[in-house]
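The structure file entry-v5.cif is reproduced below (mmCIF, C-alpha atoms).
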data_structure
loop_
_atom_site.label_atom_id
_atom_site.label_comp_id
_atom_site.auth_asym_id
_atom_site.auth_seq_id
_atom_site.Cartn_x
_atom_site.Cartn_y
_atom_site.Cartn_z
CA MET A 95 -83.76 -43.11 115.10
CA THR A 96 -86.70 -43.21 117.50
CA LEU A 97 -89.54 -40.88 118.44
CA GLU A 98 -88.38 -37.48 119.68
CA PRO A 99 -90.21 -35.27 122.21
CA ILE A 100 -91.89 -33.25 119.45
CA HIS A 101 -93.31 -36.44 117.92
CA ILE A 102 -94.56 -37.72 121.28
CA LYS A 103 -96.19 -34.33 121.95
CA GLU A 104 -98.11 -34.44 118.68
CA ILE A 105 -99.16 -38.05 119.20
CA HIS A 106 -100.45 -37.14 122.69
CA GLU A 107 -102.47 -34.30 121.13
CA ILE A 108 -104.04 -36.71 118.64
CA VAL A 109 -104.90 -39.16 121.43
CA ASP A 110 -106.52 -36.39 123.51
CA ARG A 111 -108.64 -35.24 120.57
CA ILE A 112 -109.97 -38.75 120.01
CA ASP A 113 -110.35 -39.57 123.70
CA ASN A 114 -112.30 -36.37 124.47
CA CYS A 115 -114.99 -37.44 122.03
CA PHE A 116 -115.90 -40.19 124.51
CA LYS A 117 -115.94 -38.00 127.61
CA LYS A 118 -119.20 -38.35 129.49
CA ASP A 119 -121.06 -35.51 131.12
CA GLU A 120 -121.36 -35.91 134.88
CA ASN A 121 -125.15 -36.18 134.70
CA GLU A 122 -125.13 -38.55 131.75
CA CYS A 123 -126.24 -42.10 132.53
CA ASP A 124 -123.42 -43.60 130.46
CA ASP A 125 -125.37 -45.86 128.11
CA SER A 126 -127.19 -47.55 131.00
CA GLU A 127 -130.59 -47.03 129.36
CA ASN A 128 -129.26 -48.32 126.03
CA VAL A 129 -127.80 -51.38 127.77
CA LYS A 130 -131.09 -52.03 129.59
CA ASN A 131 -133.08 -51.86 126.35
CA ILE A 132 -130.72 -54.28 124.61
CA LEU A 133 -130.90 -56.73 127.52
CA GLU A 134 -134.69 -56.71 127.16
CA ARG A 135 -134.30 -57.70 123.50
CA LEU A 136 -132.19 -60.69 124.54
CA ARG A 137 -135.18 -62.46 126.06
CA LYS A 138 -135.78 -63.72 122.55
CA LEU A 139 -133.67 -62.44 119.67
CA GLU A 140 -134.89 -63.52 116.23
CA TYR A 141 -133.92 -62.96 112.61
CA ASN A 142 -135.89 -64.13 109.57
CA GLY A 143 -138.15 -66.24 111.77
CA LYS A 144 -135.26 -68.11 113.42
CA ILE A 145 -134.18 -67.72 117.03
CA VAL A 146 -130.60 -66.52 117.32
CA LEU A 147 -130.63 -66.19 121.11
CA ARG A 148 -133.06 -66.69 123.95
CA SER A 149 -132.77 -66.37 127.67
CA ILE A 150 -132.96 -69.41 129.93
CA GLY A 151 -135.10 -67.94 132.67
CA PRO A 152 -135.34 -64.15 133.13
CA VAL A 153 -132.65 -61.89 131.71
CA ARG A 154 -130.69 -60.74 134.72
CA ARG A 155 -127.36 -59.46 135.95
CA GLY A 156 -125.99 -60.88 139.18
CA LYS A 157 -123.04 -60.08 141.39
CA ALA A 158 -121.12 -62.40 143.68
CA SER A 159 -119.01 -61.21 146.58
CA ILE A 160 -115.47 -62.57 146.22
CA GLU A 161 -115.04 -62.61 150.01
CA ARG A 162 -118.18 -64.67 150.53
CA MET A 163 -117.33 -67.04 147.67
CA LEU A 164 -113.97 -67.79 149.30
CA GLN A 165 -115.74 -68.79 152.52
CA VAL A 166 -117.96 -71.48 150.95
CA GLU A 167 -117.03 -74.99 149.88
CA ASP A 168 -115.97 -75.73 146.34
CA PRO A 169 -119.15 -77.01 144.56
CA TYR A 170 -116.98 -79.56 142.73
CA PRO A 171 -113.84 -80.36 144.78
CA LYS A 172 -112.29 -82.43 141.99
CA THR A 173 -111.73 -80.60 138.70
CA TYR A 174 -110.19 -81.63 135.40
CA SER A 175 -109.10 -79.52 132.48
CA CYS A 176 -107.63 -80.17 129.05
CA ASP A 177 -105.39 -77.93 126.96
CA SER A 178 -102.93 -78.24 124.09
CA GLY A 179 -99.75 -76.58 122.92
CA SER A 180 -98.73 -76.11 119.31
CA THR A 181 -95.73 -75.28 117.19
CA THR A 182 -98.19 -73.19 115.14
CA ALA A 183 -98.42 -74.07 111.46
CA LYS A 184 -95.06 -73.75 109.70
CA THR A 185 -94.49 -73.29 105.98
CA PHE A 186 -91.50 -74.73 104.14
CA ASP A 187 -90.14 -73.59 100.78
CA ASN A 188 -90.73 -77.03 99.23
CA GLY A 189 -94.51 -76.56 99.68
CA LEU A 190 -94.85 -78.50 102.93
CA TYR A 191 -97.09 -77.18 105.73
CA VAL A 192 -96.85 -78.77 109.20
CA ASP A 193 -98.37 -78.15 112.63
CA LEU A 194 -97.66 -80.30 115.69
CA CYS A 195 -99.99 -80.25 118.70
CA HIS A 196 -99.40 -81.73 122.12
CA CYS A 197 -102.35 -82.25 124.48
CA ALA A 198 -102.46 -82.88 128.23
CA MET A 199 -105.02 -83.04 131.01
CA ALA A 200 -104.60 -81.59 134.49
CA SER A 201 -106.50 -82.21 137.71
CA THR A 202 -107.06 -80.54 141.06
CA PRO A 203 -106.08 -82.14 143.40
CA THR A 204 -103.09 -83.22 141.31
CA ASP A 205 -103.11 -86.73 139.87
CA LEU A 206 -99.71 -87.49 138.31
CA ASP A 207 -101.06 -90.43 136.27
CA ILE A 208 -103.55 -88.05 134.64
CA HIS A 209 -100.86 -85.41 134.04
CA SER A 210 -98.47 -87.96 132.50
CA LYS A 211 -100.77 -89.08 129.70
CA ARG A 212 -100.20 -87.18 126.46
CA THR A 213 -101.52 -87.10 122.90
CA ILE A 214 -99.47 -85.72 120.00
CA VAL A 215 -100.86 -85.03 116.52
CA ALA A 216 -98.87 -83.79 113.54
CA ALA A 217 -100.97 -82.44 110.67
CA ALA A 218 -99.34 -81.98 107.27
CA TYR A 219 -100.38 -80.62 103.89
CA THR A 220 -98.75 -80.33 100.48
CA ALA A 221 -100.47 -79.49 97.21
CA SER A 222 -98.51 -82.14 95.33
CA LYS A 223 -100.06 -85.57 94.87
CA LYS A 224 -96.66 -87.02 93.98
CA ILE A 225 -95.21 -86.52 97.44
CA TYR A 226 -95.62 -89.47 99.81
CA LEU A 227 -96.11 -88.65 103.50
CA ASN A 228 -95.53 -91.38 106.09
CA THR A 229 -98.82 -90.97 107.96
CA SER A 230 -100.27 -93.16 110.74
CA ASN A 231 -103.15 -95.57 110.27
CA ASP A 232 -103.53 -96.09 114.00
CA TRP A 233 -102.21 -94.54 117.20
CA GLU A 234 -98.56 -95.25 117.92
CA SER A 235 -97.81 -95.66 121.65
CA PHE A 236 -94.76 -94.42 123.54
CA ASP A 237 -93.62 -93.88 127.16
CA ASN A 238 -94.97 -97.25 128.35
CA ASN A 239 -98.38 -96.50 126.84
CA MET A 240 -98.65 -93.18 128.72
CA GLY A 241 -98.45 -91.35 125.41
CA ARG A 242 -99.66 -91.83 121.85
CA LYS A 243 -98.96 -90.07 118.57
CA LYS A 244 -100.36 -89.83 115.07
CA ILE A 245 -99.41 -88.17 111.76
CA ILE A 246 -102.31 -87.10 109.53
CA ARG A 247 -102.45 -85.53 106.10
CA ILE A 248 -105.05 -83.27 104.55
CA GLN A 249 -105.33 -84.49 100.98
CA PRO A 250 -103.91 -82.35 98.11
CA GLY A 251 -106.40 -80.03 96.45
CA LEU A 252 -108.64 -79.49 99.48
CA LEU A 253 -106.87 -76.28 100.58
CA ASN A 254 -106.08 -73.42 98.24
CA LYS A 255 -106.20 -70.68 100.89
CA LYS A 256 -106.22 -70.35 104.70
CA VAL A 257 -103.81 -73.29 104.74
CA THR A 258 -101.97 -72.43 107.96
CA ASP A 259 -105.22 -71.55 109.78
CA ILE A 260 -107.04 -74.72 108.72
CA LEU A 261 -104.05 -76.95 109.34
CA HIS A 262 -103.66 -75.53 112.85
CA ASP A 263 -107.35 -76.01 113.64
CA VAL A 264 -107.38 -79.58 112.40
CA ALA A 265 -104.24 -80.50 114.36
CA LEU A 266 -105.46 -78.72 117.51
CA TYR A 267 -109.03 -79.99 117.59
CA LEU A 268 -108.18 -83.54 116.58
CA CYS A 269 -105.49 -83.68 119.27
CA GLU A 270 -107.71 -82.22 122.00
CA SER A 271 -110.86 -84.18 121.16
CA GLU A 272 -108.98 -87.47 120.91
CA HIS A 273 -107.23 -86.84 124.24
CA ILE A 274 -110.51 -85.97 125.96
CA LEU A 275 -112.17 -89.14 124.62
CA TRP A 276 -109.19 -91.18 125.75
CA MET A 277 -109.42 -89.75 129.27
CA LEU A 278 -113.20 -89.65 129.74
CA ASP A 279 -113.43 -92.74 131.93
CA SER A 280 -110.92 -91.19 134.36
CA ILE A 281 -113.45 -88.46 135.19
CA GLU A 282 -116.21 -89.43 137.61
CA ASN A 283 -119.77 -88.16 137.34
CA GLU A 284 -119.27 -85.87 140.34
CA ASP A 285 -116.12 -84.30 138.90
CA PHE A 286 -116.05 -81.02 136.99
CA PHE A 287 -114.52 -80.80 133.51
CA ILE A 288 -113.30 -77.55 131.95
CA MET A 289 -112.43 -77.36 128.27
CA ASP A 290 -110.00 -74.64 127.27
CA GLY A 291 -111.93 -72.38 124.90
CA PRO A 292 -115.26 -73.09 123.17
CA ILE A 293 -117.00 -76.44 123.52
CA TYR A 294 -117.09 -76.84 119.73
CA PRO A 295 -114.49 -76.38 116.96
CA LYS A 296 -116.25 -73.34 115.52
CA ARG A 297 -113.91 -72.59 112.63
CA VAL A 298 -113.95 -76.21 111.47
CA MET A 299 -117.75 -76.14 111.66
CA TYR A 300 -117.77 -72.90 109.67
CA TRP A 301 -115.78 -74.40 106.78
CA MET A 302 -117.97 -77.51 106.88
CA VAL A 303 -121.02 -75.32 106.26
CA ILE A 304 -119.65 -72.77 103.78
CA ASP A 305 -119.56 -73.88 100.15
CA SER A 306 -116.02 -73.03 99.11
CA GLY A 307 -113.83 -74.40 96.35
CA ASP A 308 -110.75 -73.04 98.11
CA VAL A 309 -111.40 -74.69 101.49
CA ASN A 310 -113.09 -78.05 101.01
CA ILE A 311 -112.49 -79.83 104.32
CA ARG A 312 -115.95 -81.41 104.14
CA LEU A 313 -114.09 -84.12 102.20
CA ASP A 314 -111.30 -84.44 104.77
CA GLU A 315 -111.55 -87.53 106.99
CA SER A 316 -109.81 -85.90 109.96
CA SER A 317 -112.15 -82.89 109.86
CA THR A 318 -115.28 -85.04 109.88
CA LYS A 319 -113.71 -87.14 112.66
CA ILE A 320 -113.27 -83.95 114.71
CA ILE A 321 -116.98 -83.10 114.42
CA GLN A 322 -118.00 -86.62 115.45
CA ASN A 323 -115.53 -86.55 118.37
CA TYR A 324 -117.17 -83.47 119.85
CA ILE A 325 -120.61 -85.02 119.44
CA ASP A 326 -119.31 -88.13 121.27
CA ILE A 327 -117.90 -85.97 124.10
CA MET A 328 -121.24 -84.20 124.52
CA ASP A 329 -123.15 -87.51 124.32
CA HIS A 330 -121.05 -88.91 127.17
CA HIS A 331 -121.63 -85.88 129.40
CA ILE A 332 -125.33 -85.48 128.66
CA GLU A 333 -126.03 -89.20 129.07
CA ASN A 334 -124.32 -89.24 132.48
CA MET A 335 -125.26 -85.67 133.47
CA LYS A 336 -121.56 -84.97 134.00
CA PRO A 337 -120.79 -81.24 134.27
CA LEU A 338 -118.80 -79.74 131.41
CA VAL A 339 -118.01 -76.15 130.47
CA GLY A 340 -115.87 -74.44 127.88
CA PHE A 341 -113.99 -71.50 129.36
CA VAL A 342 -113.41 -68.85 126.68
CA LYS A 343 -110.75 -66.44 127.89
CA ASN A 344 -110.89 -64.11 124.89
CA PRO A 345 -114.45 -64.14 123.52
CA GLU A 346 -114.59 -62.71 120.00
CA ASP A 347 -118.15 -63.58 118.98
CA MET A 348 -120.22 -60.94 117.19
CA GLN A 349 -123.45 -62.94 116.96
CA VAL A 350 -125.59 -60.85 119.32
CA MET A 351 -124.49 -57.48 117.93
CA LEU A 352 -124.88 -58.77 114.37
CA ALA A 353 -128.39 -60.11 115.03
CA LEU A 354 -129.47 -56.85 116.69
CA LYS A 355 -128.26 -54.81 113.72
CA LYS A 356 -129.94 -57.15 111.23
CA GLN A 357 -133.15 -57.04 113.26
CA ASP A 358 -133.20 -53.25 113.53
CA ALA A 359 -131.11 -51.30 111.04
CA GLU A 360 -131.90 -48.04 112.87
CA LEU A 361 -130.42 -49.29 116.14
CA ASP A 362 -127.28 -47.30 116.93
CA LEU A 363 -124.85 -49.70 118.58
CA PRO A 364 -121.35 -48.53 119.53
CA TRP A 365 -120.17 -52.11 120.09
CA LEU A 366 -118.96 -54.49 117.40
CA VAL A 367 -118.08 -57.50 119.57
CA ASP A 368 -120.55 -59.11 122.00
CA ALA A 369 -118.00 -59.04 124.82
CA GLN A 370 -117.81 -55.22 124.61
CA PHE A 371 -121.54 -54.96 125.20
CA PHE A 372 -121.60 -57.48 128.05
CA LYS A 373 -118.63 -55.81 129.75
CA ASN A 374 -120.59 -52.54 129.78
CA ALA A 375 -123.73 -54.31 130.94
CA LEU A 376 -121.89 -55.97 133.84
CA SER A 377 -119.80 -52.98 134.91
CA LEU A 378 -120.59 -51.90 138.46
CA GLU A 379 -118.58 -48.70 137.97
CA ARG A 380 -120.91 -47.64 135.16
CA SER A 381 -123.74 -48.12 137.63
CA GLY A 382 -122.11 -45.63 139.99
CA MET A 383 -120.05 -47.90 142.25
CA LYS A 384 -116.50 -46.83 143.10
CA LYS A 385 -113.74 -48.93 141.52
CA LYS A 386 -112.34 -50.08 144.88
CA GLU A 387 -115.76 -51.39 145.91
CA ALA A 388 -116.52 -52.88 142.47
CA ASN A 389 -113.31 -54.92 142.65
CA LYS A 390 -114.82 -56.90 145.54
CA TYR A 391 -117.35 -58.57 143.22
CA ILE A 392 -117.70 -60.77 140.18
CA THR A 393 -120.67 -59.91 137.98
CA TYR A 394 -122.41 -62.29 135.60
CA THR A 395 -125.44 -62.81 133.36
CA ASN A 396 -128.03 -65.56 133.26
CA TRP A 397 -127.54 -68.42 130.80
CA PHE A 398 -128.58 -68.03 127.18
CA VAL A 399 -129.19 -70.66 124.53
CA GLN A 400 -128.04 -69.87 120.99
CA PRO A 401 -129.89 -72.28 118.67
CA ASN A 402 -128.60 -70.62 115.47
CA GLN A 403 -125.68 -68.50 114.40
CA PHE A 404 -124.64 -66.55 111.32
CA TYR A 405 -122.35 -68.13 108.75
CA GLU A 406 -121.74 -65.41 106.16
CA LYS A 407 -125.30 -64.57 105.07
CA MET A 408 -126.72 -67.88 106.27
CA LEU A 409 -128.26 -68.72 109.62
CA LYS A 410 -127.36 -72.25 110.68
CA ALA A 411 -127.75 -74.36 113.81
CA THR A 412 -125.05 -74.12 116.50
CA SER A 413 -125.33 -77.86 116.96
CA PRO A 414 -122.24 -79.53 115.47
CA LEU A 415 -124.55 -81.90 113.60
CA VAL A 416 -123.60 -79.78 110.59
CA ALA A 417 -124.37 -80.94 107.07
CA GLU A 418 -125.28 -84.40 108.44
CA LEU A 419 -121.60 -85.22 108.89
CA ALA A 420 -122.00 -86.49 112.47
CA ASN A 421 -124.45 -88.58 114.49
CA GLY A 422 -125.63 -88.07 118.05
CA ILE A 423 -127.87 -90.06 120.37
CA PHE A 424 -129.90 -87.04 121.56
CA GLU A 425 -132.16 -84.48 119.93
CA ALA A 426 -130.34 -81.82 117.92
CA GLU A 427 -131.35 -79.05 120.36
CA ASP A 428 -129.47 -80.80 123.17
CA TYR A 429 -126.22 -79.98 121.37
CA ALA A 430 -127.14 -76.30 120.93
CA LEU A 431 -124.64 -73.85 122.36
CA CYS A 432 -125.46 -72.24 125.72
CA PHE A 433 -123.42 -69.61 127.53
CA PHE A 434 -123.26 -67.02 130.27
CA MET A 435 -120.86 -64.11 130.64
CA ALA A 436 -118.80 -63.40 133.76
CA TYR A 437 -116.91 -60.16 134.40
CA VAL A 438 -114.06 -59.76 136.87
CA PRO A 439 -113.75 -56.00 137.59
CA LYS A 440 -110.40 -56.39 139.31
CA LEU A 441 -108.93 -57.75 136.06
CA ASN A 442 -111.21 -55.68 133.80
CA THR A 443 -111.72 -58.96 131.94
CA ILE A 444 -114.83 -60.71 130.71
CA PHE A 445 -115.09 -64.46 130.13
CA LYS A 446 -117.60 -66.55 128.21
CA ILE A 447 -118.61 -69.87 129.72
CA GLU A 448 -120.21 -72.39 127.36
CA SER A 449 -122.04 -75.70 127.74
CA PRO A 450 -124.51 -77.77 125.68
CA TYR A 451 -128.25 -77.30 126.20
CA GLY A 452 -128.62 -80.97 127.15
CA LEU A 453 -126.85 -80.14 130.43
CA ILE A 454 -128.00 -76.57 130.93
CA LYS A 455 -131.72 -77.35 130.71
CA ASN A 456 -131.30 -79.18 134.04
CA GLU A 457 -131.82 -76.30 136.49
CA GLU A 458 -130.08 -77.92 139.46
CA LEU A 459 -127.00 -78.83 137.40
CA ARG A 460 -127.00 -75.41 135.72
CA ASN A 461 -127.01 -73.55 139.05
CA ARG A 462 -124.29 -75.74 140.54
CA MET A 463 -122.07 -75.32 137.46
CA THR A 464 -122.57 -71.55 137.63
CA ARG A 465 -121.53 -71.49 141.31
CA LYS A 466 -118.45 -73.57 140.45
CA VAL A 467 -117.29 -71.15 137.77
CA LEU A 468 -117.86 -68.16 140.08
CA TYR A 469 -115.99 -69.96 142.86
CA ASP A 470 -112.99 -70.63 140.60
CA LEU A 471 -112.99 -67.02 139.40
CA ALA A 472 -113.05 -65.79 143.00
CA VAL A 473 -110.13 -68.03 143.94
CA GLY A 474 -107.80 -67.21 141.08
CA GLY A 475 -109.28 -65.11 138.30
CA VAL A 476 -108.82 -68.00 135.86
CA PRO A 477 -109.66 -71.56 137.00
CA LYS A 478 -106.57 -73.06 138.65
CA THR A 479 -106.90 -76.39 136.84
CA LEU A 480 -107.10 -74.65 133.48
CA SER A 481 -103.86 -72.81 134.21
CA LYS A 482 -102.28 -76.13 135.22
CA ALA A 483 -103.28 -77.76 131.94
CA ASP A 484 -101.94 -74.78 130.02
CA SER A 485 -98.53 -75.00 131.72
CA ILE A 486 -98.28 -78.77 131.13
CA ALA A 487 -99.31 -78.71 127.46
CA LYS A 488 -97.51 -75.54 126.34
CA ILE A 489 -94.64 -75.91 123.88
CA PRO A 490 -92.14 -73.11 124.72
CA VAL A 491 -90.64 -70.99 121.93
CA SER A 492 -87.17 -72.56 122.37
CA GLU A 493 -88.63 -76.06 122.00
CA ARG A 494 -90.68 -74.98 118.99
CA ARG A 495 -87.52 -73.81 117.27
CA HIS A 496 -85.76 -77.06 118.12
CA ILE A 497 -88.65 -79.09 116.68
CA ILE A 498 -88.71 -77.13 113.42
CA ASP A 499 -84.90 -77.39 113.14
CA ARG A 500 -85.33 -81.18 112.96
CA PHE A 501 -86.73 -80.76 109.45
CA ARG A 502 -83.37 -81.12 107.70
CA ASN A 503 -84.74 -81.90 104.22
CA SER A 504 -87.25 -79.05 104.32
CA LYS A 505 -86.16 -75.44 104.70
CA ILE A 506 -88.46 -73.05 106.55
CA ASP A 507 -90.08 -70.52 104.23
CA THR A 508 -88.88 -67.30 105.87
CA THR A 509 -90.29 -63.88 105.02
CA TYR A 510 -88.76 -60.50 105.72
CA ASN A 511 -91.12 -59.97 108.67
CA ASP A 512 -89.95 -63.25 110.21
CA THR A 513 -86.39 -61.93 110.07
CA ARG A 514 -87.42 -58.51 111.35
CA TRP A 515 -89.71 -59.49 114.20
CA ASP A 516 -88.68 -63.08 114.95
CA GLU A 517 -90.96 -65.20 117.17
#
Rewrite the coordinates I just gave you, this time as structure tokens.
Amino acid sequence: MTLEPIHIKEIHEIVDRIDNCFKKDENECDDSENVKNILERLRKLEYNGKIVLRSIGPVRRGKASIERMLQVEDPYPKTYSCDSGSTTAKTFDNGLYVDLCHCAMASTPTDLDIHSKRTIVAAAYTASKKIYLNTSNDWESFDNNMGRKKIIRIQPGLLNKKVTDILHDVALYLCESEHILWMLDSIENEDFFIMDGPIYPKRVMYWMVIDSGDVNIRLDESSTKIIQNYIDIMDHHIENMKPLVGFVKNPEDMQVMLALKKQDAELDLPWLVDAQFFKNALSLERSGMKKKEANKYITYTNWFVQPNQFYEKMLKATSPLVAELANGIFEAEDYALCFFMAYVPKLNTIFKIESPYGLIKNEELRNRMTRKVLYDLAVGGVPKTLSKADSIAKIPVSERRHIIDRFRNSKIDTTYNDTRWDE
């Protein structure tokens, strides 16, 4: 049995009742004054004497004509990007957890030697100390040294919850960071490098900072190696002033909204996620422009530096030099997270672009990197090289199933929802 017309009718009535609560009067300025006031606060946003966010230069909103962007030269003609595919963490009924990640780098123009090099990491966990896992001490090469693989194990007792999430993060970030480090010398100083997603492994950093008996990856060698790897990547780029950005396609951060609410409990904010606020702030339609005209532009903010962020009730540095588990060659502030937001009206999509302060504090480099991101957005909505890397690294569903089926001595731990919904 499915929904009948009477059910659809009643559901439509419910939707209309909710939707009408958000109907704006014709003369209402549609939160523009509220948005403007919040933007003013972002010049320097503090909580408990610590800076959560501050603007690099004046707080401003810019717009770039897509037509004009397509007529200029690419600020960085050669671009590289790295991405990884995963089986996602799988649970077996003998207590084994496994996630396999496969990482590749793409370039524009295409370089087949770059595309052919691959890194594969399998991360495993079991709560039993009696079970021996055949892990790798060093990298094992294959495909005439074009590929390398490694099996790692998170030691028993370190994970009592969030096992699949943590295992996935460790496999993913170790695979990606190791592949990037392996390929760094292939990227010249005048080339542009795009990381897929944030520039730092934020969830790994979170669990490194939080004192938890259930998730104790501070004691895990692979997790500490991940943190050091990202420091080494940033050191290389800052030392050589090589442009690097992290392109976050689905920003979920709540840091700005959270800080505003903590700073002023009386402030009435309708937005929970930062991206919701920035999308409103960058909307040309909300400023009165017709949709057809708005679609001809890309709008964006200035860069911000975020020296600290909230971890539960704590405010900690965004630098991955967390808990003194990693070492860098620059001052801690050079590793601080910087970002700007870019909105593509035609896609109704907002992106967050990240980079370390050590690069962004250089005004000439910062401006050129901003132009590059806007150029790539104008050309294809999402940077072409990033899409290439995604297609190369992705593990399709059929191949995922085939990989998991190879576990003949371990039976997948299937739940009713797995049977009902499948993959």
Please check which residues have atoms at most 9 Å from (-99.8, -83.9, 128.2) in the file's coordinates, counting all atoms listed in the file, and write them as a ChimeraX atom specification.
/A:176-178,196-200,208-214,241,273,483,486-488
Just-selected residues, C-alpha atoms written as a PDB file, in the coordinates of the input:
ATOM      1  CA  CYS A 176    -107.630 -80.170 129.050  1.00  0.00           C
ATOM      2  CA  ASP A 177    -105.390 -77.930 126.960  1.00  0.00           C
ATOM      3  CA  SER A 178    -102.930 -78.240 124.090  1.00  0.00           C
ATOM      4  CA  HIS A 196     -99.400 -81.730 122.120  1.00  0.00           C
ATOM      5  CA  CYS A 197    -102.350 -82.250 124.480  1.00  0.00           C
ATOM      6  CA  ALA A 198    -102.460 -82.880 128.230  1.00  0.00           C
ATOM      7  CA  MET A 199    -105.020 -83.040 131.010  1.00  0.00           C
ATOM      8  CA  ALA A 200    -104.600 -81.590 134.490  1.00  0.00           C
ATOM      9  CA  ILE A 208    -103.550 -88.050 134.640  1.00  0.00           C
ATOM     10  CA  HIS A 209    -100.860 -85.410 134.040  1.00  0.00           C
ATOM     11  CA  SER A 210     -98.470 -87.960 132.500  1.00  0.00           C
ATOM     12  CA  LYS A 211    -100.770 -89.080 129.700  1.00  0.00           C
ATOM     13  CA  ARG A 212    -100.200 -87.180 126.460  1.00  0.00           C
ATOM     14  CA  THR A 213    -101.520 -87.100 122.900  1.00  0.00           C
ATOM     15  CA  ILE A 214     -99.470 -85.720 120.000  1.00  0.00           C
ATOM     16  CA  GLY A 241     -98.450 -91.350 125.410  1.00  0.00           C
ATOM     17  CA  HIS A 273    -107.230 -86.840 124.240  1.00  0.00           C
ATOM     18  CA  ALA A 483    -103.280 -77.760 131.940  1.00  0.00           C
ATOM     19  CA  ILE A 486     -98.280 -78.770 131.130  1.00  0.00           C
ATOM     20  CA  ALA A 487     -99.310 -78.710 127.460  1.00  0.00           C
ATOM     21  CA  LYS A 488     -97.510 -75.540 126.340  1.00  0.00           C
TER      22      LYS A 488
END
Do you know which residues are at most 12 Å from Ala217 in chain A counting all atoms listed in the file, after dropping those on the same chain fewer than 4 positions away, and could you put them as a ChimeraX atom specification?
/A:180-184,190-196,227-230,243-249,257-269,316-317
Take the residues just selected and output them with C-alpha atoms as a compact mmCIF listing (two decimals), in the frame of the given file.
# COMPACT_ATOMS: atom_id res chain seq x y z
CA SER A 180 -98.73 -76.11 119.31
CA THR A 181 -95.73 -75.28 117.19
CA THR A 182 -98.19 -73.19 115.14
CA ALA A 183 -98.42 -74.07 111.46
CA LYS A 184 -95.06 -73.75 109.70
CA LEU A 190 -94.85 -78.50 102.93
CA TYR A 191 -97.09 -77.18 105.73
CA VAL A 192 -96.85 -78.77 109.20
CA ASP A 193 -98.37 -78.15 112.63
CA LEU A 194 -97.66 -80.30 115.69
CA CYS A 195 -99.99 -80.25 118.70
CA HIS A 196 -99.40 -81.73 122.12
CA LEU A 227 -96.11 -88.65 103.50
CA ASN A 228 -95.53 -91.38 106.09
CA THR A 229 -98.82 -90.97 107.96
CA SER A 230 -100.27 -93.16 110.74
CA LYS A 243 -98.96 -90.07 118.57
CA LYS A 244 -100.36 -89.83 115.07
CA ILE A 245 -99.41 -88.17 111.76
CA ILE A 246 -102.31 -87.10 109.53
CA ARG A 247 -102.45 -85.53 106.10
CA ILE A 248 -105.05 -83.27 104.55
CA GLN A 249 -105.33 -84.49 100.98
CA VAL A 257 -103.81 -73.29 104.74
CA THR A 258 -101.97 -72.43 107.96
CA ASP A 259 -105.22 -71.55 109.78
CA ILE A 260 -107.04 -74.72 108.72
CA LEU A 261 -104.05 -76.95 109.34
CA HIS A 262 -103.66 -75.53 112.85
CA ASP A 263 -107.35 -76.01 113.64
CA VAL A 264 -107.38 -79.58 112.40
CA ALA A 265 -104.24 -80.50 114.36
CA LEU A 266 -105.46 -78.72 117.51
CA TYR A 267 -109.03 -79.99 117.59
CA LEU A 268 -108.18 -83.54 116.58
CA CYS A 269 -105.49 -83.68 119.27
CA SER A 316 -109.81 -85.90 109.96
CA SER A 317 -112.15 -82.89 109.86
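Residues in contact range of Tyr170 in chain A, defined as at most 8 Å between all atoms listed in the file, with sequence neighbours fewer than 4 positions away removed, read Glu284, Asp285, Phe286 and Lys466 of chain A.
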If I take CA of Tyr394 in chain A and CA of Asp362 in chain A, how far is one from the other in Å, to one decimal?
24.4 Å
Ranking A:Gly143, A:Pro250, A:Gly156, A:Pro99 by minimum distance to Ile225 in chain A and counting all atoms listed in the file, which one comes first?
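Checking each candidate against Ile225 in chain A, we get A:Pro250 as the closest.
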Quick one: residues within 12 Å of Glu418 in chain A, all atoms listed in the file counted, chain neighbours fewer than 2 positions away excluded, as a count of residues only?
17
Hey, what's within 12 Å of Ser306 in chain A if we count all atoms listed in the file and toss same-chain stuff fewer than 3 positions away? As a PyMOL selection string, please?
chain A and resi 252-256+300-303+309-313+406
Which polymer residues, whether protein, DNA or RNA, lie within 6 Å of the coordinate (-127.9, -70.3, 124.8) when you count only C-alpha atoms? List them as JSON, numbers by chain, using the chain letters and numbers from the file.
{"A": [398, 399, 400, 431, 432, 433]}
Please measure the separation of CA of Asp187 in chain A and CA of Thr509 in chain A, giving the value in Å to one decimal.
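Separation between CA of Asp187 in chain A and CA of Thr509 in chain A: 10.6 Å.
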Calculated over all atoms listed in the file, which of the candidates A:Trp233, A:Phe372, A:Ala218, A:Met289 has the smallest distance to Lys130 in chain A?
A:Phe372
I'd like to know which of A:Ile132, A:Val109, A:Ile454, A:Leu275 is closest to Ile332 in chain A, using only C-alpha atoms.
A:Ile454
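Shortest separation to Leu468 in chain A among A:Asp358, A:Glu104, A:Asp205, A:Glu161 occurs at residue A:Glu161, atoms counted being all atoms listed in the file.
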Kindly give the distance, in Å, that separates CA of Ser126 in chain A and CA of Lys373 in chain A, rounded to a single decimal.
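CA of Lys373 in chain A lies at a distance of 12.0 Å from CA of Ser126 in chain A.
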Near-Leu361 in chain A list (12 Å; only C-alpha atoms; drop same-chain fewer than 3 positions) as a PyMOL selection string
chain A and resi 128+131-132+135+351-358+364-365
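Distances here use all atoms listed in the file; by that measure, the residue among A:Trp397, A:Asn114, A:Thr204, A:Val166 closest to Arg154 in chain A is A:Trp397.
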List the residues matched by the PyMOL selection byres ((chain A and resi 429) around 6) in the displayed structure as a compact mmCIF listing (two decimals) with C-alpha atoms, in the coordinates of the input, ordered by chain and then by residue number.
# COMPACT_ATOMS: atom_id res chain seq x y z
CA SER A 413 -125.33 -77.86 116.96
CA ALA A 426 -130.34 -81.82 117.92
CA GLU A 427 -131.35 -79.05 120.36
CA ASP A 428 -129.47 -80.80 123.17
CA ALA A 430 -127.14 -76.30 120.93
CA PRO A 450 -124.51 -77.77 125.68
CA TYR A 451 -128.25 -77.30 126.20
